[in-house]
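Below: data_18.cif (mmCIF, C-alpha atoms and all ligand atoms)
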```cif
data_entry
loop_
_atom_site.label_atom_id
_atom_site.label_comp_id
_atom_site.auth_asym_id
_atom_site.auth_seq_id
_atom_site.Cartn_x
_atom_site.Cartn_y
_atom_site.Cartn_z
CA MET A 1 20.65 41.58 118.05
CA SER A 2 19.67 43.25 114.82
CA LEU A 3 17.99 41.68 111.82
CA THR A 4 19.95 41.50 108.59
CA LEU A 5 19.54 40.60 104.95
CA LYS A 6 21.03 37.23 105.87
CA ASP A 7 18.15 36.59 108.27
CA ALA A 8 15.65 37.46 105.55
CA ARG A 9 17.30 35.03 103.13
CA GLN A 10 17.37 32.32 105.77
CA LEU A 11 13.64 32.77 106.38
CA ASP A 12 13.04 32.50 102.62
CA ARG A 13 15.02 29.26 102.46
CA GLU A 14 12.92 27.81 105.29
CA ASP A 15 9.63 28.96 103.75
CA PRO A 16 7.49 26.01 102.62
CA LEU A 17 5.44 28.30 100.34
CA HIS A 18 8.45 29.78 98.56
CA LYS A 19 7.81 27.81 95.36
CA PHE A 20 4.46 29.50 94.74
CA ARG A 21 6.19 32.79 93.92
CA ASP A 22 7.14 31.36 90.51
CA GLU A 23 3.47 30.86 89.72
CA PHE A 24 2.94 34.63 89.53
CA TYR A 25 3.84 37.36 87.09
CA ILE A 26 6.20 39.49 89.14
CA LYS A 27 8.56 42.04 87.66
CA ASP A 28 12.14 41.35 88.75
CA ASP A 29 12.85 44.85 89.96
CA VAL A 30 9.47 45.57 91.59
CA ILE A 31 8.37 44.81 95.15
CA TYR A 32 4.61 44.52 95.01
CA LEU A 33 2.97 45.08 98.41
CA ASP A 34 -0.53 45.89 97.24
CA GLY A 35 -2.04 42.41 97.00
CA ASN A 36 -4.73 43.46 99.46
CA SER A 37 -6.06 45.92 96.86
CA LEU A 38 -5.42 43.98 93.69
CA GLY A 39 -3.72 40.59 93.79
CA LEU A 40 -1.24 39.71 91.05
CA LEU A 41 -1.95 37.50 88.05
CA SER A 42 -0.86 33.89 88.33
CA LYS A 43 -0.07 31.68 85.36
CA ARG A 44 -2.83 29.34 86.39
CA ALA A 45 -5.43 32.13 86.52
CA GLU A 46 -4.28 33.25 83.09
CA LYS A 47 -4.59 29.71 81.78
CA SER A 48 -8.10 29.17 83.15
CA LEU A 49 -9.21 32.47 81.63
CA LEU A 50 -7.78 31.44 78.25
CA ASP A 51 -9.39 27.99 78.58
CA VAL A 52 -12.80 29.55 79.10
CA LEU A 53 -12.24 31.95 76.21
CA ASP A 54 -11.37 28.91 74.11
CA SER A 55 -14.60 27.20 75.07
CA TRP A 56 -16.48 30.20 73.70
CA LYS A 57 -14.36 30.00 70.52
CA ASN A 58 -14.97 26.27 70.11
CA TYR A 59 -18.49 25.68 71.37
CA GLY A 60 -20.44 28.93 71.01
CA ILE A 61 -23.76 28.58 72.82
CA ASP A 62 -22.96 24.99 73.77
CA GLY A 63 -20.26 26.24 76.11
CA TRP A 64 -23.04 26.59 78.70
CA THR A 65 -23.14 22.83 79.08
CA THR A 66 -19.99 21.41 77.46
CA GLY A 67 -16.24 21.78 77.76
CA GLU A 68 -14.03 21.54 80.80
CA HIS A 69 -15.84 24.26 82.74
CA PRO A 70 -19.48 24.34 81.61
CA TRP A 71 -20.60 27.93 82.18
CA PHE A 72 -24.07 27.04 83.45
CA TYR A 73 -22.59 25.41 86.57
CA LEU A 74 -19.46 27.55 86.97
CA SER A 75 -20.81 29.75 89.79
CA GLU A 76 -21.86 26.69 91.77
CA ASN A 77 -18.63 24.80 91.08
CA LEU A 78 -16.49 27.75 92.10
CA GLY A 79 -18.59 28.17 95.25
CA ASP A 80 -17.82 24.53 96.10
CA GLN A 81 -14.11 25.15 95.56
CA MET A 82 -14.14 28.19 97.86
CA ALA A 83 -16.15 26.74 100.71
CA ASP A 84 -13.06 25.58 102.64
CA LEU A 85 -11.64 29.08 102.66
CA VAL A 86 -14.61 30.30 104.72
CA GLY A 87 -15.39 27.16 106.70
CA ALA A 88 -18.66 26.41 104.92
CA LYS A 89 -20.39 23.54 103.19
CA PRO A 90 -20.05 23.62 99.41
CA ASN A 91 -23.66 24.58 98.72
CA GLU A 92 -23.54 27.51 101.15
CA VAL A 93 -21.20 29.48 98.87
CA ILE A 94 -21.90 30.87 95.42
CA VAL A 95 -19.65 32.93 93.15
CA SER A 96 -21.76 35.79 91.87
CA GLY A 97 -22.09 39.54 91.49
CA SER A 98 -19.78 42.02 93.17
CA THR A 99 -19.20 42.79 96.84
CA THR A 100 -21.55 45.74 96.76
CA VAL A 101 -24.24 43.95 94.75
CA ASN A 102 -24.04 40.95 97.08
CA LEU A 103 -24.44 43.17 100.12
CA HIS A 104 -27.51 44.70 98.46
CA GLN A 105 -28.85 41.21 97.83
CA LEU A 106 -28.19 40.01 101.39
CA ALA A 107 -29.52 43.14 103.06
CA ALA A 108 -32.61 43.01 100.82
CA THR A 109 -33.05 39.42 101.98
CA PHE A 110 -32.12 39.54 105.66
CA TYR A 111 -33.03 43.08 106.71
CA ASP A 112 -36.58 42.51 107.83
CA PRO A 113 -37.59 45.52 109.89
CA GLU A 114 -40.53 44.67 112.11
CA GLY A 115 -42.31 46.53 114.89
CA SER A 116 -39.69 48.44 116.85
CA LYS A 117 -36.80 46.28 115.53
CA THR A 118 -35.91 48.38 112.49
CA LYS A 119 -32.26 49.48 112.62
CA ILE A 120 -29.01 48.30 111.07
CA LEU A 121 -25.80 48.31 113.09
CA ALA A 122 -22.51 48.96 111.27
CA ASP A 123 -19.36 50.88 112.18
CA GLU A 124 -17.83 54.24 111.44
CA LEU A 125 -14.64 52.75 109.98
CA ASN A 126 -16.32 50.61 107.34
CA PHE A 127 -15.65 50.86 103.62
CA PRO A 128 -17.89 53.54 102.09
CA SER A 129 -19.55 51.25 99.54
CA ASP A 130 -20.95 49.06 102.34
CA ILE A 131 -22.33 52.10 104.11
CA TYR A 132 -23.93 53.46 100.91
CA ALA A 133 -25.54 50.09 100.24
CA LEU A 134 -26.96 49.87 103.76
CA GLN A 135 -28.24 53.45 103.57
CA SER A 136 -30.08 52.71 100.35
CA GLN A 137 -31.55 49.47 101.70
CA ILE A 138 -32.87 51.38 104.73
CA LYS A 139 -34.46 53.96 102.39
CA LEU A 140 -36.00 51.22 100.26
CA LYS A 141 -37.71 49.83 103.35
CA GLY A 142 -39.18 53.26 104.05
CA TYR A 143 -36.92 54.44 106.88
CA ASP A 144 -34.50 57.30 107.30
CA PRO A 145 -30.87 56.19 107.19
CA ASP A 146 -29.85 59.14 109.37
CA ASP A 147 -31.47 57.54 112.38
CA HIS A 148 -31.64 53.93 111.23
CA LEU A 149 -28.02 53.24 110.44
CA ILE A 150 -26.06 53.06 113.69
CA ARG A 151 -22.31 53.34 113.29
CA VAL A 152 -20.24 52.11 116.21
CA LYS A 153 -17.53 54.61 117.03
CA SER A 154 -13.84 53.81 117.18
CA ARG A 155 -11.97 54.88 120.31
CA ASP A 156 -8.64 55.40 118.58
CA GLY A 157 -9.66 56.06 114.97
CA HIS A 158 -8.18 52.71 113.85
CA THR A 159 -9.85 49.84 115.61
CA LEU A 160 -13.18 48.79 117.05
CA ASP A 161 -13.74 47.42 120.51
CA GLU A 162 -16.02 44.38 120.55
CA GLU A 163 -17.46 45.64 123.86
CA ASP A 164 -18.55 48.87 122.16
CA ILE A 165 -20.19 46.90 119.36
CA MET A 166 -22.04 44.72 121.85
CA ALA A 167 -23.21 47.75 123.80
CA GLN A 168 -24.95 48.95 120.63
CA MET A 169 -26.72 45.65 119.98
CA THR A 170 -29.92 47.09 121.33
CA GLU A 171 -33.53 45.91 121.00
CA ASP A 172 -34.21 48.15 118.00
CA VAL A 173 -31.47 46.51 115.89
CA ALA A 174 -32.67 44.08 113.21
CA LEU A 175 -29.39 43.45 111.37
CA ILE A 176 -25.64 43.80 111.94
CA VAL A 177 -23.11 44.13 109.10
CA LEU A 178 -19.43 44.36 110.00
CA PRO A 179 -16.07 43.73 108.33
CA SER A 180 -14.04 40.64 109.26
CA VAL A 181 -10.84 42.61 108.82
CA LEU A 182 -10.90 46.42 108.75
CA TYR A 183 -9.63 47.72 105.43
CA ARG A 184 -7.34 50.35 106.90
CA SER A 185 -5.94 49.11 110.19
CA GLY A 186 -6.21 45.43 109.29
CA GLN A 187 -7.83 44.65 112.65
CA ILE A 188 -9.54 41.25 112.80
CA LEU A 189 -12.86 41.37 114.60
CA ASP A 190 -13.84 38.45 116.82
CA MET A 191 -16.54 37.08 114.52
CA LYS A 192 -17.33 34.12 116.75
CA ARG A 193 -18.01 36.23 119.80
CA LEU A 194 -19.92 38.93 117.91
CA THR A 195 -22.14 36.31 116.27
CA GLU A 196 -22.91 34.69 119.62
CA GLU A 197 -23.77 38.03 121.18
CA ALA A 198 -25.94 39.08 118.24
CA HIS A 199 -27.89 35.84 118.34
CA LYS A 200 -28.42 36.09 122.09
CA ARG A 201 -30.28 39.30 121.29
CA ASN A 202 -32.12 37.82 118.35
CA ILE A 203 -30.26 39.90 115.74
CA MET A 204 -29.09 38.67 112.31
CA ILE A 205 -25.40 39.18 111.59
CA GLY A 206 -23.33 39.17 108.41
CA PHE A 207 -19.68 39.94 107.63
CA ASP A 208 -17.79 41.55 104.77
CA LEU A 209 -14.76 39.30 104.18
CA CYS A 210 -13.05 41.39 101.48
CA HIS A 211 -9.86 41.79 103.48
CA SER A 212 -9.75 38.39 105.10
CA ILE A 213 -10.65 35.99 102.29
CA GLY A 214 -7.49 34.23 101.17
CA ALA A 215 -5.48 35.77 103.99
CA ILE A 216 -6.91 34.20 107.13
CA PRO A 217 -8.97 31.05 107.79
CA HIS A 218 -12.65 31.35 108.71
CA SER A 219 -15.16 29.03 110.40
CA LEU A 220 -18.45 30.60 109.35
CA ASP A 221 -20.49 27.43 109.97
CA GLU A 222 -18.95 26.76 113.34
CA TRP A 223 -19.51 30.38 114.40
CA ASP A 224 -23.05 30.18 113.05
CA VAL A 225 -22.74 33.41 111.03
CA ASP A 226 -25.95 34.19 109.08
CA PHE A 227 -24.33 35.42 105.87
CA ALA A 228 -21.11 36.81 104.41
CA PHE A 229 -19.88 38.34 101.15
CA TRP A 230 -16.50 39.22 99.63
CA CYS A 231 -14.60 40.16 96.51
CA ASN A 232 -12.14 37.86 94.79
CA TYR A 233 -9.68 40.36 93.36
CA LYS A 234 -7.72 41.17 96.52
CA HIS A 235 -5.95 38.27 98.27
CA LEU A 236 -7.64 35.78 95.93
CA ASN A 237 -5.94 37.14 92.80
CA ALA A 238 -8.84 36.69 90.36
CA GLY A 239 -8.27 39.98 88.54
CA PRO A 240 -9.74 43.49 88.40
CA GLY A 241 -13.51 43.42 88.78
CA SER A 242 -13.58 39.64 89.03
CA VAL A 243 -16.85 38.08 90.13
CA ALA A 244 -17.40 38.12 93.90
CA ALA A 245 -18.97 35.57 96.23
CA LEU A 246 -21.39 35.15 99.09
CA TYR A 247 -22.20 32.71 101.85
CA VAL A 248 -25.62 31.95 103.29
CA ASN A 249 -25.90 29.67 106.31
CA GLU A 250 -27.88 26.58 105.35
CA LYS A 251 -30.37 27.28 108.12
CA HIS A 252 -31.61 30.12 105.89
CA PHE A 253 -32.01 28.00 102.77
CA GLY A 254 -35.49 28.48 101.39
CA LYS A 255 -35.61 32.17 102.28
CA THR A 256 -36.86 34.14 99.28
CA PRO A 257 -34.06 36.23 97.70
CA GLY A 258 -34.69 39.95 98.24
CA ILE A 259 -33.52 40.65 94.70
CA ALA A 260 -34.57 37.88 92.36
CA GLY A 261 -33.63 37.09 88.77
CA TRP A 262 -33.75 34.04 86.58
CA PHE A 263 -30.37 32.80 87.85
CA SER A 264 -31.93 32.58 91.34
CA SER A 265 -33.78 29.58 89.89
CA HIS A 266 -33.50 25.97 90.75
CA LYS A 267 -31.22 24.83 87.93
CA GLU A 268 -33.57 22.18 86.62
CA LYS A 269 -36.42 24.68 86.47
CA GLN A 270 -34.67 27.70 85.04
CA PHE A 271 -35.32 26.89 81.40
CA ASP A 272 -39.01 26.13 82.00
CA MET A 273 -39.25 29.91 81.65
CA GLU A 274 -42.19 30.16 84.01
CA HIS A 275 -43.23 33.50 85.47
CA THR A 276 -43.25 32.04 88.97
CA LEU A 277 -39.73 31.67 90.33
CA THR A 278 -38.73 28.39 91.90
CA PRO A 279 -35.57 29.45 93.75
CA ALA A 280 -32.55 27.17 94.15
CA GLU A 281 -32.57 25.36 97.46
CA ASP A 282 -29.12 26.59 98.47
CA ALA A 283 -26.93 29.71 98.23
CA GLY A 284 -27.49 29.63 94.47
CA ALA A 285 -30.85 31.31 95.10
CA PHE A 286 -29.02 34.58 95.77
CA GLN A 287 -27.69 34.94 92.22
CA ILE A 288 -29.52 37.38 89.98
CA GLY A 289 -28.73 37.34 86.24
CA THR A 290 -26.35 35.66 83.80
CA PRO A 291 -22.96 35.16 85.48
CA HIS A 292 -19.97 37.12 84.16
CA ILE A 293 -18.18 34.03 82.95
CA LEU A 294 -15.02 35.70 81.66
CA SER A 295 -14.57 37.58 84.93
CA ALA A 296 -15.07 34.43 86.96
CA ALA A 297 -12.69 32.30 84.90
CA PRO A 298 -9.39 33.40 86.48
CA LEU A 299 -10.72 32.23 89.83
CA ILE A 300 -10.65 28.62 88.61
CA GLY A 301 -6.86 28.62 88.36
CA SER A 302 -6.32 30.85 91.34
CA LEU A 303 -8.28 28.63 93.72
CA GLU A 304 -6.16 25.62 92.73
CA ILE A 305 -3.15 27.44 94.14
CA PHE A 306 -4.96 28.11 97.41
CA LYS A 307 -5.95 24.48 97.66
CA GLU A 308 -2.36 23.34 97.21
CA ALA A 309 -0.82 25.94 99.50
CA GLY A 310 -3.40 25.58 102.28
CA ILE A 311 -4.96 28.58 104.02
CA GLU A 312 -3.43 27.62 107.40
CA ASN A 313 0.06 27.72 105.86
CA ILE A 314 -0.74 31.00 104.15
CA ARG A 315 -1.83 32.53 107.44
CA GLU A 316 1.25 31.25 109.24
CA LYS A 317 3.59 32.78 106.68
CA SER A 318 1.60 36.00 106.50
CA LEU A 319 1.95 36.49 110.25
CA LYS A 320 5.70 35.90 110.01
CA LEU A 321 6.03 38.39 107.16
CA THR A 322 4.11 41.16 108.91
CA GLN A 323 5.95 40.49 112.20
CA PHE A 324 9.30 40.66 110.37
CA MET A 325 8.21 43.92 108.79
CA MET A 326 7.18 45.45 112.12
CA ASP A 327 10.44 44.33 113.75
CA LEU A 328 12.49 45.86 110.95
CA ILE A 329 10.52 49.11 111.09
CA HIS A 330 11.23 49.31 114.81
CA GLN A 331 14.88 48.61 114.20
CA GLU A 332 15.50 50.89 111.22
CA LEU A 333 13.00 53.74 111.31
CA LYS A 334 12.91 54.77 114.95
CA GLU A 335 13.85 58.37 114.36
CA TYR A 336 11.32 59.10 111.59
CA ASP A 337 8.01 59.39 113.46
CA PHE A 338 6.18 56.42 111.99
CA THR A 339 3.44 54.84 114.07
CA PHE A 340 1.56 51.58 113.62
CA GLY A 341 -2.19 51.89 113.08
CA ASN A 342 -2.59 48.10 112.84
CA PRO A 343 -3.03 45.86 115.87
CA ILE A 344 0.23 44.27 117.01
CA ALA A 345 -1.14 41.03 118.47
CA ASP A 346 -1.18 38.01 116.12
CA ASP A 347 -4.82 37.15 116.71
CA GLN A 348 -5.97 40.68 115.83
CA ARG A 349 -3.62 41.44 112.95
CA GLY A 350 -4.87 40.78 109.41
CA GLY A 351 -2.74 40.50 106.28
CA HIS A 352 -1.28 43.98 106.11
CA ILE A 353 0.57 46.64 108.07
CA TYR A 354 -0.86 50.14 108.41
CA LEU A 355 1.93 52.65 108.89
CA GLU A 356 1.08 56.21 109.65
CA HIS A 357 3.08 59.33 108.92
CA LYS A 358 2.04 62.91 108.27
CA GLU A 359 3.89 62.84 104.94
CA ALA A 360 2.32 59.51 103.95
CA ALA A 361 1.01 60.61 100.53
CA ARG A 362 4.38 61.68 99.24
CA ILE A 363 6.26 58.90 100.97
CA CYS A 364 4.05 56.53 98.96
CA LYS A 365 4.95 58.34 95.75
CA ALA A 366 8.63 58.10 96.57
CA LEU A 367 8.25 54.38 97.31
CA LYS A 368 6.51 53.82 94.01
CA ASP A 369 9.28 55.63 92.12
CA ALA A 370 11.72 53.34 93.91
CA ASN A 371 9.74 50.34 92.57
CA VAL A 372 7.98 49.46 95.81
CA VAL A 373 4.18 49.37 95.42
CA PRO A 374 2.34 50.31 98.63
CA ASP A 375 -1.07 51.86 98.85
CA PHE A 376 -2.00 55.16 100.34
CA ARG A 377 -5.10 55.71 102.43
CA ALA A 378 -5.95 59.34 103.18
CA PRO A 379 -5.11 61.23 105.25
CA ASN A 380 -1.88 59.66 106.49
CA GLY A 381 -1.85 55.88 106.04
CA ILE A 382 0.56 53.63 104.16
CA ARG A 383 -0.74 50.09 103.71
CA LEU A 384 1.92 47.46 103.14
CA ALA A 385 0.76 43.94 102.38
CA PRO A 386 3.48 41.32 102.12
CA VAL A 387 1.48 38.49 100.55
CA ALA A 388 2.31 34.93 101.57
CA LEU A 389 1.97 33.41 98.10
CA TYR A 390 4.33 35.74 96.28
CA ASN A 391 6.26 38.04 98.59
CA THR A 392 9.52 37.11 100.24
CA PHE A 393 11.18 38.07 103.50
CA GLU A 394 13.85 39.65 101.34
CA ASP A 395 11.13 41.86 99.76
CA VAL A 396 10.25 43.01 103.26
CA TYR A 397 13.87 43.65 104.18
CA ARG A 398 14.54 45.63 101.01
CA THR A 399 11.33 47.65 101.42
CA VAL A 400 12.32 48.85 104.87
CA GLN A 401 15.82 49.76 103.61
CA ILE A 402 14.33 51.73 100.72
CA LEU A 403 11.94 53.48 103.10
CA LYS A 404 14.87 54.34 105.34
CA ASP A 405 16.75 55.88 102.40
CA ILE A 406 13.70 57.90 101.42
CA MET A 407 13.46 59.29 104.95
CA LYS A 408 17.17 59.83 105.46
CA ASN A 409 17.67 61.62 102.15
CA GLU A 410 14.27 63.31 102.35
CA THR A 411 13.55 62.18 98.78
CA TYR A 412 9.83 62.33 99.54
CA LYS A 413 10.01 66.13 99.61
CA LYS A 414 10.27 66.14 95.81
CA TYR A 415 6.61 65.12 95.64
CA GLU A 416 3.35 66.81 96.50
CA ASN A 417 1.68 65.50 99.66
CA LYS A 418 -1.59 64.74 97.83
CA ARG A 419 -3.31 61.54 96.80
CA GLY A 420 -3.82 60.45 93.17
CA VAL A 421 -7.27 59.80 91.63
CA VAL A 422 -6.97 56.11 92.43
CA ALA A 423 -5.13 55.73 95.72
C1 LIG A 501 -12.72 46.11 98.34
C2 LIG A 501 -13.91 46.30 99.19
C3 LIG A 501 -15.17 46.54 98.63
C4 LIG A 501 -15.31 46.69 97.15
O1 LIG A 501 -16.59 46.47 96.70
P1 LIG A 501 -16.84 46.24 95.12
O2 LIG A 501 -18.28 46.04 95.02
O3 LIG A 501 -16.00 45.07 94.72
O4 LIG A 501 -16.36 47.46 94.42
C5 LIG A 501 -16.24 46.66 99.49
N1 LIG A 501 -16.10 46.54 100.83
C6 LIG A 501 -14.89 46.32 101.40
C7 LIG A 501 -14.76 46.22 102.87
C8 LIG A 501 -13.76 46.21 100.59
O5 LIG A 501 -12.57 46.02 101.14
#
```
Represent the structure from my file as structure tokens, please.
Amino acid sequence: MSLTLKDARQLDREDPLHKFRDEFYIKDDVIYLDGNSLGLLSKRAEKSLLDVLDSWKNYGIDGWTTGEHPWFYLSENLGDQMADLVGAKPNEVIVSGSTTVNLHQLAATFYDPEGSKTKILADELNFPSDIYALQSQIKLKGYDPDDHLIRVKSRDGHTLDEEDIMAQMTEDVALIVLPSVLYRSGQILDMKRLTEEAHKRNIMIGFDLCHSIGAIPHSLDEWDVDFAFWCNYKHLNAGPGSVAALYVNEKHFGKTPGIAGWFSSHKEKQFDMEHTLTPAEDAGAFQIGTPHILSAAPLIGSLEIFKEAGIENIREKSLKLTQFMMDLIHQELKEYDFTFGNPIADDQRGGHIYLEHKEAARICKALKDANVVPDFRAPNGIRLAPVALYNTFEDVYRTVQILKDIMKNETYKKYENKRGVVA
């Protein structure tokens, strides 16, 4: 029994999240499947940004403490609003910095090499920025990253085996930093199990949630994760370069921030302007300087949408969308040598599909010229992220038909098989 456009439309009619699509700026003739790189602008995010801009216009310096969203407390308030998305208590989350800066902060704080326990465990598939940050933190502590950063190997080039990670949790490891969802293959790591195993061996563990935040639910407190960090411009739709966030388990409250600044202060003390820092007693201590208010503002509106839609509903729809996409690819593209680099099982599959093909770079260019926005990952990956809040099953259906036309008519051959500057 083959899937048809009628099936796609039926699924859209039954979709309880369908109404959220109208909240976003989506071009009529474009199918946007890149929300895992840069989420689209919603009307509510636009409004909250304009509201904050207005408070600058109207209040000047007093905007720090007056108006609808007083800037002085914005990072804390947004952290409270996000806590549910990661399964944390409100004061364990703070909106601050960028992913990379937050990793620097957390590694500077929680990487405490001592005696023979001096190494950091990561993986060979991780995003380069995380690796660079860990390498520099190792150097700053006086060690050589070449032998102090262990990178767990992948067996198939796409995924990691939890058993392999555990085998590398040796006595010399002081800290583990891993992704929740791998940025290429979309594999979800078993954070609960990895945290348990790390703690059995007396090792701190933190996760990079860039590709899972806003796409899958988390239970960081329940799993007893030590810390986490993420960006807010992918599934959370807070705009290019929007302020990121971090989580610190409350059992670590009171730990001195590795990188301090005046915004690490207890809020009541900050304007005493003393030269001895009194850090905040919660995750707020891991802020550094003045928050980037205008880049945090879109998050106010965006998080309202997540609250209304519910992360469990988002996950449920996301799984249906990616399953529908895989089924259609099986049905329609059999003869064109595509393979799946993403895990197939629901509990291991994140928010996107990773299709591989040796002509991937130019297939992506052909898709883009046909108004489908994928993203290319060298050397041969096509990431397709049907996003629960604004993509439809019909988008998925049409994408696979367009891809089929590109393959059948060999339209992709018009393009060079090379990536652009920003891929
Ligand atoms: C997107 C992403 C980043 C980006 O870091 P920035 O500091 O926001 O540039 C880092 N790590 C992972 C895993 C990502 O997916």
Item to check | From A:Asp347, A:Glu312, A:Asp147, A:Glu250, residue lying nearest Ile120 (chain A) [only C-alpha atoms] | outcome: A:Asp147
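If you measure from each of A:Thr399, A:Thr392, A:Gln81, A:Asn380 to Leu17 (chain A) using only C-alpha atoms, the closest one turns out to be A:Thr392.
Between CA of Glu394 (chain A) and CA of Asp22 (chain A) the separation is 15.2 Å.
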Next on the checklist: Using Å and a single decimal, report how far CA of Arg44 (chain A) sits from CA of Arg21 (chain A).
Outcome noted: 12.2 Å
Residues within 6 Å of ligand LIG 501 (chain A), counting all atoms listed in the file, as an mmCIF file with C-alpha atoms, in the frame of the given file:
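Okay, this is what ended up in out39.cif:
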```cif
data_model
loop_
_atom_site.group_PDB
_atom_site.id
_atom_site.type_symbol
_atom_site.label_atom_id
_atom_site.label_comp_id
_atom_site.auth_asym_id
_atom_site.auth_seq_id
_atom_site.Cartn_x
_atom_site.Cartn_y
_atom_site.Cartn_z
ATOM 1 C CA SER A 98 -19.780 42.020 93.170
ATOM 2 C CA THR A 99 -19.200 42.790 96.840
ATOM 3 C CA THR A 100 -21.550 45.740 96.760
ATOM 4 C CA PHE A 127 -15.650 50.860 103.620
ATOM 5 C CA SER A 129 -19.550 51.250 99.540
ATOM 6 C CA ASP A 130 -20.950 49.060 102.340
ATOM 7 C CA TYR A 183 -9.630 47.720 105.430
ATOM 8 C CA ASP A 208 -17.790 41.550 104.770
ATOM 9 C CA CYS A 210 -13.050 41.390 101.480
ATOM 10 C CA HIS A 211 -9.860 41.790 103.480
ATOM 11 C CA CYS A 231 -14.600 40.160 96.510
#
```
